[in-house]
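A short worksheet on the structure shown next.
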Amino acid sequence: VRFIQVTLLNPYPDSPSLPTYPSLGLAYIGAVLEKNNYEVNVIDSHMLSYKIERTVDKILTINPDILGIHLNIGNFFSVKMIYESLKNEEFTGKIVIGGPLSVSYDKILKFSDYVILGEGEKSFIDLLDYLRKGKNIKNLDGVAFKRKNKIVIKSQKFITNIDEIPFPAWHLFPPLKKYKAYCRKRPNIPISTSRGCPHLCIYCNKSVFGYKFRPRSPENVVKEIEFLINEYDAKELGIQDDAFTLDSRRVFKICDLIIEKNLDIQWKCDNGVRVETLSDELLKKMREAGCYMVAIGAETGNQSVSNKIGRNQDLKTVRKIAKMIKENGMVLKMFFQVGFPFDTPNTMKQTIRFAEELNPDIAQFAISTPLPGTKMFELIENEGKFLYDIWSSFSYYGGKSMFEIYDLKTEDIEQAFKQAYSQFYLKPKKIISMLKNTRSTEEIRYFLGTFSYIFRSMLR
Ligand code: B12
Ligand code: SF4
């Protein structure tokens, strides 16, 4: 049996302006590798500001048997360049890629040996066992690879009991307090309490965790929180779930346990929760248990667009819940997009007005982007057209629309995007209230970053 050393890589992103987050996906992969007695180390090139050359040097110095890379739409070109440099340097290890872009495995196999499809904790270990012991590759699920120039793909299976997955191995990473994502206190650590979401939003990539909601038990979640406090001195947590509040009884239980155990921790749902799952009672309980921010995805201010993008939420409920979050003394963050396939100049104006009316503390506007693996991507392929080949010139942060469909014009979308930020933020009243509500230097840094982003997108 051969000994295998694994290096996990979080690459430097294609667009350098992003805040640094520790990768929860790689921390889980690191944990299962250690549990299965593999030797593992992590290079977080984003955190360490290692661009291509430095990253490649570091990999060559370690010279692992397996290089596992976290790929997403935001670092596609970096990963391609790393692969090419490694091949030029005659790196002999196997390159395995995982992450939410694995749905485009046919493209990714051009610069890797194996692609792990979706959730990686089981399939990556199966693949390594195969490589180590020469087990039968037929037994592998959730892996794509090439054999005699043909792609072999083994269908993905979801892990049923996610309480069994070990806690993320954060000790493999640089100190967590050095990461600079939005927070009030550091170390600020991401946590995932469930996987999957049953909803059908057409812009959302569900290829990693799927449509079935798979919750962890409240006891297991709170055990991890205690572990994060004791081992890593966690001061703040960010919930990364797709559908954290889907089962409100579970959230009540998690909160009750945090309160009962008197855990000194604050947390936020900054990834968004569905409005119809919230109530005044639940928000009060969350607040009591340390939650200081709730994000909701309004996405559009037009009811018919909301229904057509599969969001299917009543805008009256969005109004009611947005108000309730503020009344409960929590920071309200809202997500909006302009340029959905069903948008018109008028519906985009409604979206901007809706944002102004609800006046969240933080509004995040985006140009709607058809990501591979989403229903929206298929819709554009079938009924519209991409304006350029996304695999050769994709830029998520370009402030540019990338497709045409129906009567929607790219100039109108780009105009609405600029308008959204200036109309929402560039008002003395808004700026004063933002400064008044900041609670820490971390937050001030974040808001300064937001303003610099707004100005840059307006100048494009
Ligand atoms: C937090 C978050 C962010 C954070 C931090 C990202 C990070 N580095 O972890 C920030 C704000 C920076 C961010 C930015 C972006 N994000 Co984001 N983000 C998320 C979110 C909400 C949670 C991520 C998470 O922690 N998941 C939990 C972990 C456990 O899952 P995971 O990382 O996917 O890892 C599992 C598998 O993918 C696999 N795996 C992952 N890596 C590897 C590596 C190897 C070797 C192996 C074997 C397996 C493996 O195994 C892991 C365990 O099962 C997800 C939604 C989601 N539910 O995942 C979106 C999501 C990942 N983001 C998305 C997008 C579009 C973006 C942006 C491009 C745009 C934006 N909105 O700003 C940028 C990308 C920039 C970048 N270079 O990272 C999309 C991804 C689409 C795609 N095809 O890539 C997602 C899926 C949202 C969605 N549903 O559409 N994001
Ligand atoms: S956007 Fe949110 S609610 Fe919609 S499918 Fe994705 S995770 Fe579910």
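The way I read the labels, and the way they are meant: chains A, B, ... in the order of the structure tokens, residue 1 as the first residue of every chain, and ligand 1 as the first ligand shown, with later ones counted on from there.
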
If the limit is 6 Å from any atom of ligand 1, counting only C-alpha atoms and all ligand atoms, which residues qualify? Return them as an NGL selection string. :A and (13 or 21 or 23-26 or 28 or 68-70 or 72-75 or 96-101 or 116 or 118-121 or 124 or 204-206 or 208 or 240-242 or 271 or 371-372)

I need the chosen residues saved as a PDB file, in the first residue's frame, with C-alpha atoms.
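The resulting file, again.pdb, is shown below:
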ATOM      1  CA  PRO A  13      -9.151  34.595  -7.385  1.00  0.00           C
ATOM      2  CA  TYR A  21     -12.844  33.840   3.497  1.00  0.00           C
ATOM      3  CA  SER A  23     -12.799  27.771   2.585  1.00  0.00           C
ATOM      4  CA  LEU A  24     -15.250  25.650   4.520  1.00  0.00           C
ATOM      5  CA  GLY A  25     -15.249  23.096   1.686  1.00  0.00           C
ATOM      6  CA  LEU A  26     -11.477  22.530   1.944  1.00  0.00           C
ATOM      7  CA  TYR A  28     -14.177  19.584   5.532  1.00  0.00           C
ATOM      8  CA  GLY A  68      -6.680  18.980  -4.586  1.00  0.00           C
ATOM      9  CA  ILE A  69      -7.933  22.328  -5.858  1.00  0.00           C
ATOM     10  CA  HIS A  70     -11.078  24.247  -4.882  1.00  0.00           C
ATOM     11  CA  ASN A  72     -15.356  28.025  -8.602  1.00  0.00           C
ATOM     12  CA  ILE A  73     -16.447  30.484 -11.237  1.00  0.00           C
ATOM     13  CA  GLY A  74     -14.380  33.169  -9.513  1.00  0.00           C
ATOM     14  CA  ASN A  75     -10.985  31.454  -9.922  1.00  0.00           C
ATOM     15  CA  VAL A  96      -8.023  16.592  -8.486  1.00  0.00           C
ATOM     16  CA  ILE A  97     -10.529  19.428  -8.730  1.00  0.00           C
ATOM     17  CA  GLY A  98     -13.655  19.937  -6.635  1.00  0.00           C
ATOM     18  CA  GLY A  99     -16.143  22.720  -5.899  1.00  0.00           C
ATOM     19  CA  PRO A 100     -19.321  24.211  -7.353  1.00  0.00           C
ATOM     20  CA  LEU A 101     -17.999  24.415 -10.919  1.00  0.00           C
ATOM     21  CA  ILE A 116     -15.029  15.330  -7.795  1.00  0.00           C
ATOM     22  CA  GLY A 118     -20.407  17.944  -5.762  1.00  0.00           C
ATOM     23  CA  GLU A 119     -20.035  16.970  -2.129  1.00  0.00           C
ATOM     24  CA  GLY A 120     -16.490  15.674  -1.701  1.00  0.00           C
ATOM     25  CA  GLU A 121     -16.138  14.041   1.718  1.00  0.00           C
ATOM     26  CA  PHE A 124     -12.530  12.014  -2.617  1.00  0.00           C
ATOM     27  CA  CYS A 204     -28.897  29.207  -8.274  1.00  0.00           C
ATOM     28  CA  ASN A 205     -26.306  26.475  -8.708  1.00  0.00           C
ATOM     29  CA  LYS A 206     -27.487  23.442  -6.732  1.00  0.00           C
ATOM     30  CA  VAL A 208     -23.025  20.549  -4.849  1.00  0.00           C
ATOM     31  CA  GLN A 240     -23.401  29.316   5.129  1.00  0.00           C
ATOM     32  CA  ASP A 241     -26.477  27.110   4.672  1.00  0.00           C
ATOM     33  CA  ASP A 242     -28.686  27.349   1.621  1.00  0.00           C
ATOM     34  CA  ASN A 271     -25.978  34.232   3.098  1.00  0.00           C
ATOM     35  CA  LEU A 371     -23.885  30.278 -14.000  1.00  0.00           C
ATOM     36  CA  PRO A 372     -23.121  26.834 -15.415  1.00  0.00           C
TER      37      PRO A 372
END

When the cut-off is 9 Å and you count only C-alpha atoms and all ligand atoms, which residues lie near ligand 2, shown as a ChimeraX atom specification? /A:196-206,211,241-243,271-274,297,310-311

Could you please write out, as a compact mmCIF listing (two decimals) with N, CA and C atoms, in the first residue's frame, every residue of range 288-451 of chain A that DSSP assigns to alpha helix (DSSP H)?
# COMPACT_ATOMS: atom_id res chain seq x y z
N GLU A 288 -31.80 36.67 20.72
CA GLU A 288 -31.41 36.31 22.08
C GLU A 288 -30.19 35.37 22.08
N GLN A 303 -43.42 41.41 -8.78
CA GLN A 303 -43.96 40.10 -8.39
C GLN A 303 -43.91 39.08 -9.53
N SER A 304 -44.22 39.55 -10.74
CA SER A 304 -44.25 38.59 -11.84
C SER A 304 -42.83 38.09 -12.16
N VAL A 305 -41.82 38.97 -12.09
CA VAL A 305 -40.44 38.53 -12.32
C VAL A 305 -40.04 37.54 -11.22
N SER A 306 -40.44 37.84 -9.98
CA SER A 306 -40.12 36.95 -8.86
C SER A 306 -40.65 35.53 -9.12
N ASN A 307 -41.86 35.46 -9.65
CA ASN A 307 -42.44 34.14 -9.92
C ASN A 307 -41.72 33.46 -11.09
N LYS A 308 -41.42 34.26 -12.11
CA LYS A 308 -40.79 33.63 -13.29
C LYS A 308 -39.36 33.16 -13.03
N LEU A 315 -44.08 39.47 -2.39
CA LEU A 315 -43.32 40.68 -2.04
C LEU A 315 -43.89 41.36 -0.80
N LYS A 316 -45.17 41.08 -0.51
CA LYS A 316 -45.76 41.63 0.74
C LYS A 316 -45.06 41.01 1.95
N THR A 317 -44.77 39.72 1.85
CA THR A 317 -44.06 39.05 2.96
C THR A 317 -42.64 39.61 3.07
N VAL A 318 -42.01 39.88 1.92
CA VAL A 318 -40.66 40.46 1.95
C VAL A 318 -40.69 41.78 2.72
N ARG A 319 -41.70 42.64 2.39
CA ARG A 319 -41.85 43.93 3.09
C ARG A 319 -42.00 43.73 4.59
N LYS A 320 -42.91 42.81 4.93
CA LYS A 320 -43.25 42.59 6.35
C LYS A 320 -42.02 42.11 7.13
N ILE A 321 -41.32 41.14 6.56
CA ILE A 321 -40.19 40.54 7.28
C ILE A 321 -39.00 41.51 7.36
N ALA A 322 -38.80 42.27 6.27
CA ALA A 322 -37.68 43.24 6.29
C ALA A 322 -37.88 44.21 7.47
N LYS A 323 -39.13 44.67 7.61
CA LYS A 323 -39.44 45.60 8.69
C LYS A 323 -39.22 44.92 10.06
N MET A 324 -39.64 43.67 10.14
CA MET A 324 -39.56 42.93 11.40
C MET A 324 -38.11 42.71 11.84
N ILE A 325 -37.24 42.46 10.86
CA ILE A 325 -35.82 42.24 11.19
C ILE A 325 -35.25 43.52 11.81
N LYS A 326 -35.61 44.65 11.20
CA LYS A 326 -35.10 45.93 11.74
C LYS A 326 -35.70 46.20 13.12
N GLU A 327 -37.01 45.94 13.24
CA GLU A 327 -37.65 46.19 14.54
C GLU A 327 -37.05 45.35 15.67
N PRO A 345 -36.73 47.60 -18.61
CA PRO A 345 -36.26 48.81 -17.91
C PRO A 345 -37.19 49.16 -16.75
N ASN A 346 -38.48 48.96 -16.95
CA ASN A 346 -39.43 49.31 -15.92
C ASN A 346 -39.34 48.40 -14.68
N THR A 347 -39.23 47.09 -14.88
CA THR A 347 -39.16 46.20 -13.70
C THR A 347 -37.85 46.43 -12.95
N MET A 348 -36.79 46.78 -13.68
CA MET A 348 -35.51 47.04 -12.99
C MET A 348 -35.62 48.31 -12.14
N LYS A 349 -36.36 49.30 -12.66
CA LYS A 349 -36.60 50.52 -11.85
C LYS A 349 -37.37 50.15 -10.59
N GLN A 350 -38.36 49.26 -10.77
CA GLN A 350 -39.15 48.82 -9.60
C GLN A 350 -38.25 48.16 -8.55
N THR A 351 -37.27 47.40 -9.02
CA THR A 351 -36.35 46.72 -8.09
C THR A 351 -35.56 47.76 -7.29
N ILE A 352 -35.06 48.78 -7.99
CA ILE A 352 -34.27 49.81 -7.28
C ILE A 352 -35.17 50.56 -6.28
N ARG A 353 -36.40 50.85 -6.72
CA ARG A 353 -37.33 51.56 -5.81
C ARG A 353 -37.68 50.71 -4.59
N PHE A 354 -37.84 49.42 -4.84
CA PHE A 354 -38.16 48.47 -3.76
C PHE A 354 -37.03 48.49 -2.71
N ALA A 355 -35.79 48.50 -3.21
CA ALA A 355 -34.64 48.55 -2.30
C ALA A 355 -34.68 49.85 -1.49
N GLU A 356 -34.97 50.95 -2.17
CA GLU A 356 -35.02 52.24 -1.45
C GLU A 356 -36.12 52.23 -0.41
N GLU A 357 -37.27 51.69 -0.80
CA GLU A 357 -38.43 51.68 0.11
C GLU A 357 -38.11 50.84 1.37
N LEU A 358 -37.54 49.67 1.18
CA LEU A 358 -37.28 48.79 2.33
C LEU A 358 -36.04 49.25 3.12
N LYS A 375 -30.62 26.64 -14.12
CA LYS A 375 -31.70 26.62 -15.13
C LYS A 375 -31.60 27.85 -16.03
N MET A 376 -31.10 28.94 -15.45
CA MET A 376 -30.98 30.17 -16.22
C MET A 376 -29.95 29.99 -17.35
N PHE A 377 -28.91 29.25 -17.10
CA PHE A 377 -27.88 28.97 -18.11
C PHE A 377 -28.54 28.23 -19.29
N GLU A 378 -29.34 27.23 -18.96
CA GLU A 378 -30.03 26.46 -20.02
C GLU A 378 -30.98 27.34 -20.81
N LEU A 379 -31.68 28.22 -20.08
CA LEU A 379 -32.64 29.11 -20.74
C LEU A 379 -31.94 30.01 -21.76
N ILE A 380 -30.80 30.56 -21.37
CA ILE A 380 -30.06 31.44 -22.30
C ILE A 380 -29.56 30.61 -23.49
N GLU A 381 -29.05 29.42 -23.21
CA GLU A 381 -28.57 28.57 -24.31
C GLU A 381 -29.68 28.25 -25.30
N ASN A 382 -30.88 27.98 -24.75
CA ASN A 382 -31.99 27.54 -25.62
C ASN A 382 -32.75 28.69 -26.26
N GLU A 383 -32.95 29.79 -25.50
CA GLU A 383 -33.83 30.83 -26.04
C GLU A 383 -33.16 32.18 -26.25
N ILE A 390 -18.01 32.14 -22.45
CA ILE A 390 -17.72 32.35 -21.04
C ILE A 390 -16.45 31.62 -20.59
N TRP A 391 -16.07 30.58 -21.30
CA TRP A 391 -14.90 29.80 -20.88
C TRP A 391 -13.59 30.44 -21.34
N SER A 392 -13.69 31.48 -22.17
CA SER A 392 -12.44 32.12 -22.53
C SER A 392 -12.36 33.56 -22.03
N SER A 393 -13.48 34.14 -21.62
CA SER A 393 -13.37 35.54 -21.16
C SER A 393 -14.39 35.87 -20.07
N THR A 410 -28.61 44.89 -23.19
CA THR A 410 -27.50 44.93 -22.23
C THR A 410 -27.26 46.35 -21.72
N GLU A 411 -27.44 47.36 -22.58
CA GLU A 411 -27.20 48.74 -22.12
C GLU A 411 -28.17 49.07 -20.98
N ASP A 412 -29.40 48.61 -21.10
CA ASP A 412 -30.39 48.91 -20.05
C ASP A 412 -29.99 48.26 -18.73
N ILE A 413 -29.48 47.04 -18.82
CA ILE A 413 -29.09 46.32 -17.60
C ILE A 413 -27.91 47.05 -16.94
N GLU A 414 -26.91 47.37 -17.74
CA GLU A 414 -25.71 48.01 -17.18
C GLU A 414 -26.04 49.38 -16.59
N GLN A 415 -26.95 50.08 -17.25
CA GLN A 415 -27.40 51.37 -16.75
C GLN A 415 -28.12 51.19 -15.40
N ALA A 416 -29.01 50.19 -15.34
CA ALA A 416 -29.77 49.95 -14.10
C ALA A 416 -28.82 49.57 -12.96
N PHE A 417 -27.79 48.81 -13.27
CA PHE A 417 -26.83 48.38 -12.24
C PHE A 417 -26.12 49.58 -11.62
N LYS A 418 -25.64 50.48 -12.47
CA LYS A 418 -24.96 51.68 -11.96
C LYS A 418 -25.94 52.54 -11.16
N GLN A 419 -27.13 52.68 -11.73
CA GLN A 419 -28.18 53.48 -11.10
C GLN A 419 -28.50 52.93 -9.71
N ALA A 420 -28.57 51.60 -9.61
CA ALA A 420 -28.97 50.96 -8.35
C ALA A 420 -28.04 51.40 -7.22
N TYR A 421 -26.74 51.26 -7.44
CA TYR A 421 -25.80 51.61 -6.38
C TYR A 421 -25.84 53.11 -6.05
N SER A 422 -25.87 53.95 -7.11
CA SER A 422 -25.81 55.38 -6.79
C SER A 422 -27.11 55.82 -6.13
N GLN A 423 -28.25 55.35 -6.66
CA GLN A 423 -29.54 55.76 -6.08
C GLN A 423 -29.69 55.30 -4.63
N PHE A 424 -29.16 54.09 -4.34
CA PHE A 424 -29.35 53.56 -3.00
C PHE A 424 -28.37 54.15 -1.98
N TYR A 425 -27.09 54.23 -2.38
CA TYR A 425 -26.07 54.58 -1.38
C TYR A 425 -25.65 56.05 -1.36
N PRO A 428 -26.66 61.63 1.39
CA PRO A 428 -26.08 61.97 2.71
C PRO A 428 -26.75 61.20 3.84
N LYS A 429 -28.09 61.07 3.77
CA LYS A 429 -28.82 60.41 4.86
C LYS A 429 -28.34 58.96 5.04
N LYS A 430 -28.17 58.28 3.90
CA LYS A 430 -27.76 56.87 3.95
C LYS A 430 -26.34 56.75 4.51
N ILE A 431 -25.46 57.62 4.02
CA ILE A 431 -24.06 57.54 4.45
C ILE A 431 -23.97 57.80 5.96
N ILE A 432 -24.70 58.81 6.43
CA ILE A 432 -24.66 59.11 7.88
C ILE A 432 -25.20 57.93 8.68
N SER A 433 -26.30 57.36 8.23
CA SER A 433 -26.88 56.26 9.03
C SER A 433 -25.95 55.04 9.01
N MET A 434 -25.26 54.81 7.89
CA MET A 434 -24.32 53.68 7.86
C MET A 434 -23.19 53.89 8.85
N LEU A 435 -22.66 55.11 8.87
CA LEU A 435 -21.54 55.38 9.78
C LEU A 435 -21.99 55.30 11.22
N LYS A 436 -23.25 55.77 11.47
CA LYS A 436 -23.77 55.75 12.84
C LYS A 436 -23.96 54.33 13.36
N ASN A 437 -24.30 53.43 12.45
CA ASN A 437 -24.62 52.07 12.88
C ASN A 437 -23.42 51.13 12.93
N THR A 441 -14.24 48.51 13.96
CA THR A 441 -13.34 48.94 12.88
C THR A 441 -13.48 47.98 11.70
N GLU A 442 -13.81 46.70 12.01
CA GLU A 442 -14.00 45.71 10.94
C GLU A 442 -15.11 46.19 10.00
N GLU A 443 -16.20 46.70 10.62
CA GLU A 443 -17.35 47.14 9.82
C GLU A 443 -17.00 48.38 9.00
N ILE A 444 -16.25 49.30 9.61
CA ILE A 444 -15.87 50.52 8.89
C ILE A 444 -15.06 50.13 7.65
N ARG A 445 -14.13 49.19 7.84
CA ARG A 445 -13.31 48.73 6.73
C ARG A 445 -14.21 48.18 5.61
N TYR A 446 -15.23 47.40 6.03
CA TYR A 446 -16.13 46.79 5.06
C TYR A 446 -16.88 47.87 4.26
N PHE A 447 -17.39 48.89 4.97
CA PHE A 447 -18.17 49.92 4.28
C PHE A 447 -17.29 50.74 3.34
N LEU A 448 -16.04 51.00 3.76
CA LEU A 448 -15.13 51.72 2.87
C LEU A 448 -14.90 50.89 1.60
N GLY A 449 -14.77 49.58 1.80
CA GLY A 449 -14.60 48.67 0.65
C GLY A 449 -15.81 48.74 -0.25
N THR A 450 -17.02 48.78 0.37
CA THR A 450 -18.25 48.83 -0.42
C THR A 450 -18.27 50.09 -1.27
N PHE A 451 -17.91 51.23 -0.66
CA PHE A 451 -17.93 52.47 -1.42
C PHE A 451 -16.92 52.46 -2.56

From the options A:Val32, A:Leu48, A:Val42, A:Leu128, which residue's atoms come nearest to Tyr179 in chain A, counting only C-alpha atoms? A:Leu48

Could you pull out the residues in range 182-426 of chain A that DSSP calls strand (DSSP E) from the backbone, as a PyMOL selection string? chain A and resi 188-191+194-195+214-215+236-239+266-273+291-299+331-338+362-367+385-386+403-404

Just checking: using only C-alpha atoms, which residue out of A:Ser104, A:Gly399, A:Thr369, A:Asp314 ends up closest to Phe386 in chain A?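 Checking each candidate against Phe386 in chain A, we get A:Thr369 as the closest.
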
If we count only C-alpha atoms, what is near Ala289 in chain A at a cut-off of 12 Å, once residues fewer than 5 positions away on the same chain are taken out, given as a ChimeraX atom specification? /A:222,251-268,282-284

Export, as a PDB file, in the first residue's frame, the selected residues with N, CA and C atoms.
ATOM      1  N   VAL A 222     -24.387  22.541  17.864  1.00  0.00           N
ATOM      2  CA  VAL A 222     -23.939  23.290  19.040  1.00  0.00           C
ATOM      3  C   VAL A 222     -22.616  22.712  19.581  1.00  0.00           C
ATOM      4  N   VAL A 251     -34.223  25.430  14.304  1.00  0.00           N
ATOM      5  CA  VAL A 251     -33.499  26.670  14.638  1.00  0.00           C
ATOM      6  C   VAL A 251     -33.812  27.088  16.083  1.00  0.00           C
ATOM      7  N   PHE A 252     -35.087  26.951  16.492  1.00  0.00           N
ATOM      8  CA  PHE A 252     -35.443  27.249  17.891  1.00  0.00           C
ATOM      9  C   PHE A 252     -34.576  26.412  18.836  1.00  0.00           C
ATOM     10  N   LYS A 253     -34.423  25.145  18.486  1.00  0.00           N
ATOM     11  CA  LYS A 253     -33.663  24.221  19.345  1.00  0.00           C
ATOM     12  C   LYS A 253     -32.175  24.629  19.404  1.00  0.00           C
ATOM     13  N   ILE A 254     -31.617  24.974  18.230  1.00  0.00           N
ATOM     14  CA  ILE A 254     -30.205  25.400  18.202  1.00  0.00           C
ATOM     15  C   ILE A 254     -30.037  26.631  19.106  1.00  0.00           C
ATOM     16  N   CYS A 255     -30.970  27.594  18.943  1.00  0.00           N
ATOM     17  CA  CYS A 255     -30.883  28.829  19.746  1.00  0.00           C
ATOM     18  C   CYS A 255     -31.024  28.515  21.230  1.00  0.00           C
ATOM     19  N   ASP A 256     -31.998  27.658  21.571  1.00  0.00           N
ATOM     20  CA  ASP A 256     -32.198  27.314  22.984  1.00  0.00           C
ATOM     21  C   ASP A 256     -30.931  26.713  23.583  1.00  0.00           C
ATOM     22  N   LEU A 257     -30.271  25.852  22.811  1.00  0.00           N
ATOM     23  CA  LEU A 257     -29.044  25.223  23.335  1.00  0.00           C
ATOM     24  C   LEU A 257     -27.930  26.258  23.528  1.00  0.00           C
ATOM     25  N   ILE A 258     -27.826  27.206  22.588  1.00  0.00           N
ATOM     26  CA  ILE A 258     -26.792  28.256  22.727  1.00  0.00           C
ATOM     27  C   ILE A 258     -27.053  29.067  23.999  1.00  0.00           C
ATOM     28  N   ILE A 259     -28.345  29.385  24.214  1.00  0.00           N
ATOM     29  CA  ILE A 259     -28.722  30.194  25.392  1.00  0.00           C
ATOM     30  C   ILE A 259     -28.478  29.399  26.682  1.00  0.00           C
ATOM     31  N   GLU A 260     -28.968  28.145  26.668  1.00  0.00           N
ATOM     32  CA  GLU A 260     -28.829  27.270  27.838  1.00  0.00           C
ATOM     33  C   GLU A 260     -27.366  27.106  28.265  1.00  0.00           C
ATOM     34  N   LYS A 261     -26.510  26.942  27.273  1.00  0.00           N
ATOM     35  CA  LYS A 261     -25.081  26.711  27.562  1.00  0.00           C
ATOM     36  C   LYS A 261     -24.324  28.015  27.753  1.00  0.00           C
ATOM     37  N   ASN A 262     -25.063  29.125  27.585  1.00  0.00           N
ATOM     38  CA  ASN A 262     -24.476  30.441  27.817  1.00  0.00           C
ATOM     39  C   ASN A 262     -23.230  30.680  26.947  1.00  0.00           C
ATOM     40  N   LEU A 263     -23.314  30.303  25.676  1.00  0.00           N
ATOM     41  CA  LEU A 263     -22.145  30.420  24.794  1.00  0.00           C
ATOM     42  C   LEU A 263     -21.935  31.872  24.394  1.00  0.00           C
ATOM     43  N   ASP A 264     -20.701  32.317  24.543  1.00  0.00           N
ATOM     44  CA  ASP A 264     -20.378  33.707  24.252  1.00  0.00           C
ATOM     45  C   ASP A 264     -19.996  33.815  22.772  1.00  0.00           C
ATOM     46  N   ILE A 265     -21.007  33.952  21.928  1.00  0.00           N
ATOM     47  CA  ILE A 265     -20.735  33.982  20.495  1.00  0.00           C
ATOM     48  C   ILE A 265     -21.790  34.843  19.799  1.00  0.00           C
ATOM     49  N   GLN A 266     -21.374  35.593  18.788  1.00  0.00           N
ATOM     50  CA  GLN A 266     -22.392  36.272  17.977  1.00  0.00           C
ATOM     51  C   GLN A 266     -22.335  35.711  16.570  1.00  0.00           C
ATOM     52  N   TRP A 267     -23.430  35.786  15.862  1.00  0.00           N
ATOM     53  CA  TRP A 267     -23.487  35.147  14.544  1.00  0.00           C
ATOM     54  C   TRP A 267     -24.413  35.890  13.613  1.00  0.00           C
ATOM     55  N   LYS A 268     -24.329  35.493  12.332  1.00  0.00           N
ATOM     56  CA  LYS A 268     -25.130  36.188  11.318  1.00  0.00           C
ATOM     57  C   LYS A 268     -25.556  35.208  10.230  1.00  0.00           C
ATOM     58  N   LEU A 282     -39.448  33.733  16.055  1.00  0.00           N
ATOM     59  CA  LEU A 282     -38.166  33.118  15.708  1.00  0.00           C
ATOM     60  C   LEU A 282     -37.047  34.169  15.706  1.00  0.00           C
ATOM     61  N   LEU A 283     -37.339  35.349  15.134  1.00  0.00           N
ATOM     62  CA  LEU A 283     -36.305  36.394  15.093  1.00  0.00           C
ATOM     63  C   LEU A 283     -35.885  36.804  16.508  1.00  0.00           C
ATOM     64  N   LYS A 284     -36.868  36.883  17.394  1.00  0.00           N
ATOM     65  CA  LYS A 284     -36.545  37.255  18.788  1.00  0.00           C
ATOM     66  C   LYS A 284     -35.639  36.205  19.425  1.00  0.00           C
TER      67      LYS A 284
END

Residues near Arg214 in chain A, cut-off 12 Å, only C-alpha atoms, skip fewer than 2 positions along chain, as a ChimeraX atom specification: /A:158-163,192-198,209-212,216-217,241-244,246-247,250

I'd like the contact shell of range 53-56 of chain A - 12 Å cut-off, only C-alpha atoms, skipping same-chain residues fewer than 6 positions apart - returned as an MDAnalysis selection string. chainID A and resid 7:12 42:47 62:64 67 69 78:91

Name all residues at most 10 Å from Pro175 in chain A (count only C-alpha atoms; drop same-chain ones fewer than 5 positions away) and give them as a ChimeraX atom specification. /A:22,170,187,232

Would you please work out which residue, of A:Ala31, A:Met286, A:Leu71, A:Leu278, is nearest to Ala169 in chain A when using only C-alpha atoms? A:Ala31

Which residue, A:Leu237, A:Met334, A:Cys183, A:Ile405, has the smallest gap to Gly290 in chain A when you use only C-alpha atoms? A:Leu237

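Candidate residues A:Gln5, A:Val221, A:Arg184, A:Gly30 were compared for distance to Lys235 in chain A, and the nearest is A:Arg184, using only C-alpha atoms.
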
So, counting only C-alpha atoms, which residue among A:Ser49, A:Tyr114, A:Glu231, A:Asp65 is closest to Arg147 in chain A? A:Tyr114

Report, in Å to a single decimal, how far apart CA of Val338 in chain A and CA of Asp407 in chain A are.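 One can read the CA of Asp407 in chain A to CA of Val338 in chain A distance as 14.4 Å.
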
For a test of reading the model, state the distance in Å between CA of Phe336 in chain A and CA of Asp361 in chain A, rounded to one decimal.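 Distance between the two atoms: 13.4 Å.
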